[in-house]
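Working notes, structure below.
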Amino acid sequence: MKIMVTGGAGFIGSNFIHYILKKRPDWEVTNFDSLTYAGNLANLKDVENNPNYKFVKGDISDPDDVERLFSSEYDFLINFAAESHVDRSLYNPGLFLKTNILGTQLLLNYALEKGIKRFLHVSTDEVYGSLGPDGYFGESSPLAPNSPYAASKASADMICRSYYKTFDMPVIITRAGNNYGPYQFPEKLIPFFITRALKNEPLPLYGDGLNVRDWLYVEDHCDAIFTVLEKGNFGEIYNIGGGNEKTNLEITRLVLETLNKPESLIKYVKDRPGHDRRYALDINKINSELDWSPKMDFETGIQKTVGWYLENQKWWEDILSGEYTRFYELHYKERS
Ligand code: NAD
Ligand code: TYD
């Protein structure tokens, strides 16, 4: 089996490549990634010499790059490539639309022309918008995205749907909750707060710190994607949740406790504009139809994640410079 993984140098994509090379060692994996600030080939150092792994540099929104990519044949395509950080989407929405919408459409077009057997599009619970204190998002909940990031992902989902309906293309969409685990870029809540706490720097908690996310360990996400790839039905959407609803304050306290750092590092800052209050997923469909459920217990997942960042200090110190520093200064100066 030949598979194309787009965005494989990022957080979830690189975890998926590690996962799949172990799970299906005879599959040939091509990683297509433009290496934005979030793409890092150091994430794949241990597999770079694996004869079944190949890296191709290219942009999913560039027609020449995508045409070159499709000069080879693939059985399955899993589309992880995206601009993925909500806060960044406040400053450069156009880039999110270009990569996340136009990029996905270009991939669909070429994959259709080449007769791909399965196209799995990796999406997010953020397309559903924000929940109050009760209830869950199901796959047929209305789309109500609130950030340019979420709107671009919702649009890509709609384009995927149209290729299934109009061209009978074998497209499947997954919508996952907030992921955490090794190799996550330290701008997202958990690795950002771990790395800042390790440097004894304040942890900027937005608003009242009581927004809720449904946390999913990245390996569980990879396992769910593999399950959907093998057993999912075309034209369907599958929610993937970890069943771990936590407030940001709970997460922050757990990170501080795990690192034996004081709560005085918490700094409440101006809220994120359009900040969604709560995400929570109903995963009954993937559970009952495909027999998948998350395995990782949250406290253990956090211990493993904190352990990984402690052991891989050079990995994150190399990242926390250059372009990242510019974004950090722009964004957090506005919040303090
Ligand atoms: P990430 O930002 O860590 O990685 C994104 C990768 O895509 C990077 O390697 C980057 O270089 C690459 N990329 C960006 N633009 C590209 C382009 N134009 N062409 C080719 N490659 C490009 O993101 P992530 O957290 O690993 O998320 C992966 C996917 O999962 C995204 O589609 C995201 O929307 C989705 N998702 C993420 C989460 C989460 O909690 N992180 C939750 C649900 C869904
Ligand atoms: P984030 O990791 O950016 O994921 P998303 O916005 O996709 O859910 O943020 C997770 C939660 O943490 C979200 O409610 C915003 C909050 N947050 C902070 O309070 N401070 C921060 O510095 C960051 C990055 C996030």
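All residue names refer to the structure tokens as shown: chains lettered A, B, ... in order, residues numbered from 1 in each chain, ligands numbered from 1 in order.
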
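Neighbouring residues of segment 323-330 of chain A at 10 Å or closer, counting only C-alpha atoms and skipping chain neighbours under 4 positions away, are Tyr37, Ala38, Asp87, Arg88, Tyr91, Pro186, Glu187, Ile319, Glu334 and Arg335 of chain A.
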
Please save all heavy atoms of the selected residues as an mmCIF file, in the first residue's frame.
```cif
data_model
loop_
_atom_site.group_PDB
_atom_site.id
_atom_site.type_symbol
_atom_site.label_atom_id
_atom_site.label_comp_id
_atom_site.auth_asym_id
_atom_site.auth_seq_id
_atom_site.Cartn_x
_atom_site.Cartn_y
_atom_site.Cartn_z
ATOM 1 N N TYR A 37 6.843 27.307 9.613
ATOM 2 C CA TYR A 37 7.438 27.407 10.957
ATOM 3 C C TYR A 37 7.072 26.175 11.796
ATOM 4 O O TYR A 37 7.814 25.783 12.709
ATOM 5 C CB TYR A 37 6.925 28.690 11.661
ATOM 6 C CG TYR A 37 5.531 28.521 12.206
ATOM 7 C CD1 TYR A 37 5.319 28.128 13.528
ATOM 8 C CD2 TYR A 37 4.406 28.669 11.380
ATOM 9 C CE1 TYR A 37 4.043 27.906 14.014
ATOM 10 C CE2 TYR A 37 3.147 28.440 11.855
ATOM 11 C CZ TYR A 37 2.967 28.063 13.178
ATOM 12 O OH TYR A 37 1.707 27.820 13.645
ATOM 13 N N ALA A 38 5.917 25.543 11.488
ATOM 14 C CA ALA A 38 5.425 24.416 12.298
ATOM 15 C C ALA A 38 5.954 23.064 11.824
ATOM 16 O O ALA A 38 5.806 22.070 12.528
ATOM 17 C CB ALA A 38 3.895 24.395 12.282
ATOM 18 N N ASP A 87 -4.663 31.535 17.308
ATOM 19 C CA ASP A 87 -4.145 32.893 17.566
ATOM 20 C C ASP A 87 -3.474 33.476 16.326
ATOM 21 O O ASP A 87 -3.598 34.664 16.050
ATOM 22 C CB ASP A 87 -3.154 32.873 18.735
ATOM 23 C CG ASP A 87 -3.867 32.640 20.067
ATOM 24 O OD1 ASP A 87 -5.020 33.073 20.205
ATOM 25 O OD2 ASP A 87 -3.272 32.007 20.955
ATOM 26 N N ARG A 88 -2.761 32.642 15.575
ATOM 27 C CA ARG A 88 -2.129 33.149 14.355
ATOM 28 C C ARG A 88 -3.171 33.533 13.312
ATOM 29 O O ARG A 88 -2.943 34.422 12.500
ATOM 30 C CB ARG A 88 -1.173 32.111 13.763
ATOM 31 C CG ARG A 88 0.115 31.988 14.519
ATOM 32 C CD ARG A 88 1.008 30.930 13.903
ATOM 33 N NE ARG A 88 2.162 30.714 14.740
ATOM 34 C CZ ARG A 88 3.389 31.212 14.517
ATOM 35 N NH1 ARG A 88 3.622 31.918 13.450
ATOM 36 N NH2 ARG A 88 4.377 30.980 15.346
ATOM 37 N N TYR A 91 -4.188 37.166 12.905
ATOM 38 C CA TYR A 91 -3.296 38.141 12.269
ATOM 39 C C TYR A 91 -3.168 37.945 10.765
ATOM 40 O O TYR A 91 -2.862 38.889 10.051
ATOM 41 C CB TYR A 91 -1.894 38.060 12.910
ATOM 42 C CG TYR A 91 -1.944 38.324 14.400
ATOM 43 C CD1 TYR A 91 -2.003 37.278 15.309
ATOM 44 C CD2 TYR A 91 -1.993 39.627 14.883
ATOM 45 C CE1 TYR A 91 -2.074 37.516 16.673
ATOM 46 C CE2 TYR A 91 -2.076 39.879 16.243
ATOM 47 C CZ TYR A 91 -2.120 38.816 17.140
ATOM 48 O OH TYR A 91 -2.208 39.057 18.483
ATOM 49 N N PRO A 186 5.505 24.330 20.591
ATOM 50 C CA PRO A 186 5.243 24.964 21.886
ATOM 51 C C PRO A 186 4.597 26.349 21.808
ATOM 52 O O PRO A 186 4.999 27.280 22.497
ATOM 53 C CB PRO A 186 6.631 25.040 22.524
ATOM 54 C CG PRO A 186 7.581 24.908 21.411
ATOM 55 C CD PRO A 186 6.916 24.219 20.262
ATOM 56 N N GLU A 187 3.555 26.444 20.981
ATOM 57 C CA GLU A 187 2.704 27.638 20.966
ATOM 58 C C GLU A 187 1.303 27.248 21.429
ATOM 59 O O GLU A 187 0.510 28.094 21.797
ATOM 60 C CB GLU A 187 2.617 28.235 19.550
ATOM 61 C CG GLU A 187 1.924 27.321 18.559
ATOM 62 C CD GLU A 187 1.915 27.822 17.131
ATOM 63 O OE1 GLU A 187 2.362 28.955 16.870
ATOM 64 O OE2 GLU A 187 1.455 27.062 16.247
ATOM 65 N N ILE A 319 13.440 25.471 18.505
ATOM 66 C CA ILE A 319 12.256 26.046 17.875
ATOM 67 C C ILE A 319 11.961 27.460 18.390
ATOM 68 O O ILE A 319 11.525 28.328 17.640
ATOM 69 C CB ILE A 319 11.024 25.145 18.178
ATOM 70 C CG1 ILE A 319 11.117 23.852 17.375
ATOM 71 C CG2 ILE A 319 9.728 25.871 17.862
ATOM 72 C CD1 ILE A 319 10.015 22.874 17.721
ATOM 73 N N GLU A 334 0.012 42.356 23.219
ATOM 74 C CA GLU A 334 -1.367 42.848 23.154
ATOM 75 C C GLU A 334 -2.218 42.365 24.329
ATOM 76 O O GLU A 334 -3.213 42.965 24.660
ATOM 77 C CB GLU A 334 -2.045 42.322 21.881
ATOM 78 C CG GLU A 334 -1.757 43.129 20.658
ATOM 79 C CD GLU A 334 -2.527 42.598 19.451
ATOM 80 O OE1 GLU A 334 -3.405 41.746 19.606
ATOM 81 O OE2 GLU A 334 -2.209 43.056 18.345
ATOM 82 N N ARG A 335 -1.887 41.219 24.884
ATOM 83 C CA ARG A 335 -2.736 40.620 25.923
ATOM 84 C C ARG A 335 -2.404 41.097 27.335
ATOM 85 O O ARG A 335 -3.210 40.988 28.220
ATOM 86 C CB ARG A 335 -2.621 39.074 25.930
ATOM 87 C CG ARG A 335 -2.561 38.410 24.586
ATOM 88 C CD ARG A 335 -3.643 37.398 24.418
ATOM 89 N NE ARG A 335 -4.908 38.029 24.072
ATOM 90 C CZ ARG A 335 -5.147 38.629 22.914
ATOM 91 N NH1 ARG A 335 -4.223 38.712 22.001
ATOM 92 N NH2 ARG A 335 -6.311 39.177 22.674
#
```

Chain A near ligand 2 within 9 Å: what's each residue's closest atom pair and its distance in Å to one decimal, counting only C-alpha atoms and all ligand atoms, ordered by chain then ascending residue number, as JSON lines?
```
{"residue": "A:Ser84", "atom": "CA", "partner": "ligand 2", "partner_atom_place_in_ligand_line": "7 (O)", "distance": 7.7}
{"residue": "A:His85", "atom": "CA", "partner": "ligand 2", "partner_atom_place_in_ligand_line": "3 (O)", "distance": 6.0}
{"residue": "A:Val86", "atom": "CA", "partner": "ligand 2", "partner_atom_place_in_ligand_line": "6 (O)", "distance": 5.3}
{"residue": "A:Asp87", "atom": "CA", "partner": "ligand 2", "partner_atom_place_in_ligand_line": "3 (O)", "distance": 6.5}
{"residue": "A:Thr124", "atom": "CA", "partner": "ligand 2", "partner_atom_place_in_ligand_line": "7 (O)", "distance": 8.7}
{"residue": "A:Glu126", "atom": "CA", "partner": "ligand 2", "partner_atom_place_in_ligand_line": "7 (O)", "distance": 7.2}
{"residue": "A:Tyr149", "atom": "CA", "partner": "ligand 2", "partner_atom_place_in_ligand_line": "7 (O)", "distance": 8.7}
{"residue": "A:Ala150", "atom": "CA", "partner": "ligand 2", "partner_atom_place_in_ligand_line": "7 (O)", "distance": 8.6}
{"residue": "A:Gly177", "atom": "CA", "partner": "ligand 2", "partner_atom_place_in_ligand_line": "8 (O)", "distance": 8.2}
{"residue": "A:Asn178", "atom": "CA", "partner": "ligand 2", "partner_atom_place_in_ligand_line": "8 (O)", "distance": 6.0}
{"residue": "A:Asn179", "atom": "CA", "partner": "ligand 2", "partner_atom_place_in_ligand_line": "2 (O)", "distance": 8.5}
{"residue": "A:Tyr180", "atom": "CA", "partner": "ligand 2", "partner_atom_place_in_ligand_line": "2 (O)", "distance": 8.8}
{"residue": "A:Pro186", "atom": "CA", "partner": "ligand 2", "partner_atom_place_in_ligand_line": "24 (C)", "distance": 8.6}
{"residue": "A:Glu187", "atom": "CA", "partner": "ligand 2", "partner_atom_place_in_ligand_line": "24 (C)", "distance": 5.6}
{"residue": "A:Lys188", "atom": "CA", "partner": "ligand 2", "partner_atom_place_in_ligand_line": "2 (O)", "distance": 3.6}
{"residue": "A:Leu189", "atom": "CA", "partner": "ligand 2", "partner_atom_place_in_ligand_line": "2 (O)", "distance": 3.8}
{"residue": "A:Ile190", "atom": "CA", "partner": "ligand 2", "partner_atom_place_in_ligand_line": "2 (O)", "distance": 6.7}
{"residue": "A:Pro191", "atom": "CA", "partner": "ligand 2", "partner_atom_place_in_ligand_line": "2 (O)", "distance": 8.5}
{"residue": "A:Phe192", "atom": "CA", "partner": "ligand 2", "partner_atom_place_in_ligand_line": "24 (C)", "distance": 6.6}
{"residue": "A:Phe193", "atom": "CA", "partner": "ligand 2", "partner_atom_place_in_ligand_line": "22 (O)", "distance": 7.5}
{"residue": "A:Leu203", "atom": "CA", "partner": "ligand 2", "partner_atom_place_in_ligand_line": "22 (O)", "distance": 6.9}
{"residue": "A:Pro204", "atom": "CA", "partner": "ligand 2", "partner_atom_place_in_ligand_line": "22 (O)", "distance": 5.0}
{"residue": "A:Leu205", "atom": "CA", "partner": "ligand 2", "partner_atom_place_in_ligand_line": "19 (O)", "distance": 3.7}
{"residue": "A:Tyr206", "atom": "CA", "partner": "ligand 2", "partner_atom_place_in_ligand_line": "19 (O)", "distance": 3.8}
{"residue": "A:Gly207", "atom": "CA", "partner": "ligand 2", "partner_atom_place_in_ligand_line": "19 (O)", "distance": 7.1}
{"residue": "A:Asp208", "atom": "CA", "partner": "ligand 2", "partner_atom_place_in_ligand_line": "19 (O)", "distance": 8.6}
{"residue": "A:Gly209", "atom": "CA", "partner": "ligand 2", "partner_atom_place_in_ligand_line": "19 (O)", "distance": 6.1}
{"residue": "A:Leu210", "atom": "CA", "partner": "ligand 2", "partner_atom_place_in_ligand_line": "14 (O)", "distance": 8.0}
{"residue": "A:Asn211", "atom": "CA", "partner": "ligand 2", "partner_atom_place_in_ligand_line": "14 (O)", "distance": 5.1}
{"residue": "A:Val212", "atom": "CA", "partner": "ligand 2", "partner_atom_place_in_ligand_line": "14 (O)", "distance": 6.5}
{"residue": "A:Arg213", "atom": "CA", "partner": "ligand 2", "partner_atom_place_in_ligand_line": "8 (O)", "distance": 6.4}
{"residue": "A:Asp214", "atom": "CA", "partner": "ligand 2", "partner_atom_place_in_ligand_line": "8 (O)", "distance": 8.9}
{"residue": "A:Thr247", "atom": "CA", "partner": "ligand 2", "partner_atom_place_in_ligand_line": "14 (O)", "distance": 8.0}
{"residue": "A:Asn248", "atom": "CA", "partner": "ligand 2", "partner_atom_place_in_ligand_line": "12 (O)", "distance": 5.6}
{"residue": "A:Leu249", "atom": "CA", "partner": "ligand 2", "partner_atom_place_in_ligand_line": "19 (O)", "distance": 8.1}
{"residue": "A:Ile251", "atom": "CA", "partner": "ligand 2", "partner_atom_place_in_ligand_line": "12 (O)", "distance": 8.9}
{"residue": "A:Thr252", "atom": "CA", "partner": "ligand 2", "partner_atom_place_in_ligand_line": "19 (O)", "distance": 8.9}
{"residue": "A:Tyr268", "atom": "CA", "partner": "ligand 2", "partner_atom_place_in_ligand_line": "19 (O)", "distance": 8.2}
{"residue": "A:Val269", "atom": "CA", "partner": "ligand 2", "partner_atom_place_in_ligand_line": "19 (O)", "distance": 8.1}
{"residue": "A:Asp271", "atom": "CA", "partner": "ligand 2", "partner_atom_place_in_ligand_line": "19 (O)", "distance": 7.7}
{"residue": "A:Arg272", "atom": "CA", "partner": "ligand 2", "partner_atom_place_in_ligand_line": "15 (C)", "distance": 7.2}
{"residue": "A:His275", "atom": "CA", "partner": "ligand 2", "partner_atom_place_in_ligand_line": "14 (O)", "distance": 6.8}
{"residue": "A:Asp276", "atom": "CA", "partner": "ligand 2", "partner_atom_place_in_ligand_line": "14 (O)", "distance": 6.8}
{"residue": "A:Arg277", "atom": "CA", "partner": "ligand 2", "partner_atom_place_in_ligand_line": "14 (O)", "distance": 7.1}
{"residue": "A:Arg278", "atom": "CA", "partner": "ligand 2", "partner_atom_place_in_ligand_line": "14 (O)", "distance": 8.0}
{"residue": "A:Tyr279", "atom": "CA", "partner": "ligand 2", "partner_atom_place_in_ligand_line": "8 (O)", "distance": 8.2}
{"residue": "A:Tyr332", "atom": "CA", "partner": "ligand 2", "partner_atom_place_in_ligand_line": "22 (O)", "distance": 7.9}
```

Within 8 Å of ligand 1, counting only C-alpha atoms and all ligand atoms, which protein or nucleic acid residues do you find, written as a ChimeraX atom specification? /A:6-14,32-40,57-62,79-85,98-100,103,121-126,153,175-180,184-185,188,216

Any chance you could list, as a ChimeraX atom specification, the residues in segment 95-259 of chain A that come up alpha helix (DSSP H) when DSSP is run on the backbone? /A:95-96,104-113,148-167,189-198,218-231,248-259

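Considering only C-alpha atoms, the residue among A:Ile240, A:Arg253, A:Gly181, A:Glu219 positioned nearest to Gln303 of chain A is A:Gly181.
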
Report the residues of segment 4-237 of chain A whose backbone DSSP state falls under strand (DSSP E), written as a ChimeraX atom specification. /A:4-6,28-33,53-57,76-79,118-124,171-176,178-180,203-206,212-217,237

Written selection (C-alpha atoms) as a CSV table (one decimal), in the first residue's frame:
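Final file, selection_29.csv:
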```csv
chain,number,residue,atom,x,y,z
A,4,MET,CA,0.6,10.1,1.0
A,5,VAL,CA,0.7,12.0,4.2
A,6,THR,CA,0.5,15.8,3.8
A,28,GLU,CA,5.2,3.0,1.7
A,29,VAL,CA,4.8,6.4,3.2
A,30,THR,CA,5.4,9.7,1.4
A,31,ASN,CA,5.4,12.8,3.5
A,32,PHE,CA,4.6,16.0,1.6
A,33,ASP,CA,5.2,19.2,3.6
A,53,TYR,CA,9.6,6.5,4.2
A,54,LYS,CA,10.2,9.4,1.8
A,55,PHE,CA,10.0,13.2,2.2
A,56,VAL,CA,8.9,15.5,-0.6
A,57,LYS,CA,9.0,19.3,0.0
A,76,PHE,CA,-4.6,6.5,0.2
A,77,LEU,CA,-4.1,10.2,1.0
A,78,ILE,CA,-4.3,11.6,4.6
A,79,ASN,CA,-4.5,15.4,4.6
A,118,ARG,CA,-9.3,6.8,-0.1
A,119,PHE,CA,-8.9,10.5,0.8
A,120,LEU,CA,-9.0,11.1,4.5
A,121,HIS,CA,-9.3,14.7,5.5
A,122,VAL,CA,-8.2,15.6,9.1
A,123,SER,CA,-10.5,18.2,10.6
A,124,THR,CA,-11.4,19.6,14.0
A,171,VAL,CA,-13.6,11.0,0.9
A,172,ILE,CA,-13.9,10.6,4.7
A,173,ILE,CA,-13.6,13.4,7.2
A,174,THR,CA,-12.5,13.1,10.8
A,175,ARG,CA,-13.1,15.8,13.5
A,176,ALA,CA,-10.9,15.6,16.5
A,178,ASN,CA,-7.6,19.2,21.2
A,179,ASN,CA,-4.6,17.0,20.8
A,180,TYR,CA,-1.6,16.8,23.2
A,203,LEU,CA,1.9,31.3,32.0
A,204,PRO,CA,-0.6,33.7,30.2
A,205,LEU,CA,-4.1,32.3,30.9
A,206,TYR,CA,-6.7,33.9,28.7
A,212,VAL,CA,-13.2,23.9,28.4
A,213,ARG,CA,-11.5,21.6,25.8
A,214,ASP,CA,-11.9,17.9,25.2
A,215,TRP,CA,-8.3,16.6,25.3
A,216,LEU,CA,-7.1,13.7,23.2
A,217,TYR,CA,-3.7,12.0,23.4
A,237,ILE,CA,-17.7,12.2,9.2
```

Could you give me, as JSON lines, a per-residue list for segment 4-73 of chain A showing, wherever an atom lies at most 12 Å from an atom of segment 306-315 of chain A, the closest pair of atoms and their distance in Å to one decimal, using only C-alpha atoms and sorting by chain then residue number from low to high?
```
{"residue": "A:Asn40", "atom": "CA", "partner": "A:Trp315", "partner_atom": "CA", "distance": 9.7}
{"residue": "A:Leu41", "atom": "CA", "partner": "A:Trp315", "partner_atom": "CA", "distance": 10.9}
{"residue": "A:Ala42", "atom": "CA", "partner": "A:Trp315", "partner_atom": "CA", "distance": 7.7}
{"residue": "A:Asn43", "atom": "CA", "partner": "A:Trp315", "partner_atom": "CA", "distance": 8.6}
{"residue": "A:Leu44", "atom": "CA", "partner": "A:Trp315", "partner_atom": "CA", "distance": 11.8}
{"residue": "A:Lys45", "atom": "CA", "partner": "A:Trp315", "partner_atom": "CA", "distance": 11.4}
```

Could you tell me how far atom CA of Ser155 of chain A sits from atom CA of Ser71 of chain A, in Å to one decimal place?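 We find that atom CA of Ser71 of chain A and atom CA of Ser155 of chain A lie 27.3 Å from each other.
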
Which residue of A:Tyr163, A:Trp27, A:Tyr19, A:Tyr128 approaches Met1 of chain A most closely, using only C-alpha atoms: A:Trp27

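In this comparison, which uses only C-alpha atoms, the residue of A:Leu97, A:Ala156, A:Leu229, A:Cys222 approaching Ile3 of chain A most closely is A:Leu229.
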
When you draw a straight line from atom CA of Arg24 of chain A to atom CA of Trp292 of chain A, how long is it in Å?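 Going from atom CA of Arg24 of chain A over to atom CA of Trp292 of chain A covers 18.1 Å.
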
I'd like to know which of A:Asp26, A:Glu230, A:Glu299, A:Asp282 is closest to Lys246 of chain A, using only C-alpha atoms.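 Ranking A:Asp26, A:Glu230, A:Glu299, A:Asp282 by distance to Lys246 of chain A, first place goes to A:Glu299.
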
Any idea what the distance is between atom CA of Val127 of chain A and atom CA of Pro145 of chain A?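 For atom CA of Val127 of chain A relative to atom CA of Pro145 of chain A, the distance reads 4.7 Å.
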
For a quick check of understanding, using only C-alpha atoms, which of A:Leu198, A:Leu106, A:Ile101, A:Ala280 has the smallest distance to Asp157 of chain A?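 For Asp157 of chain A, the nearest of the given residues is A:Ile101.
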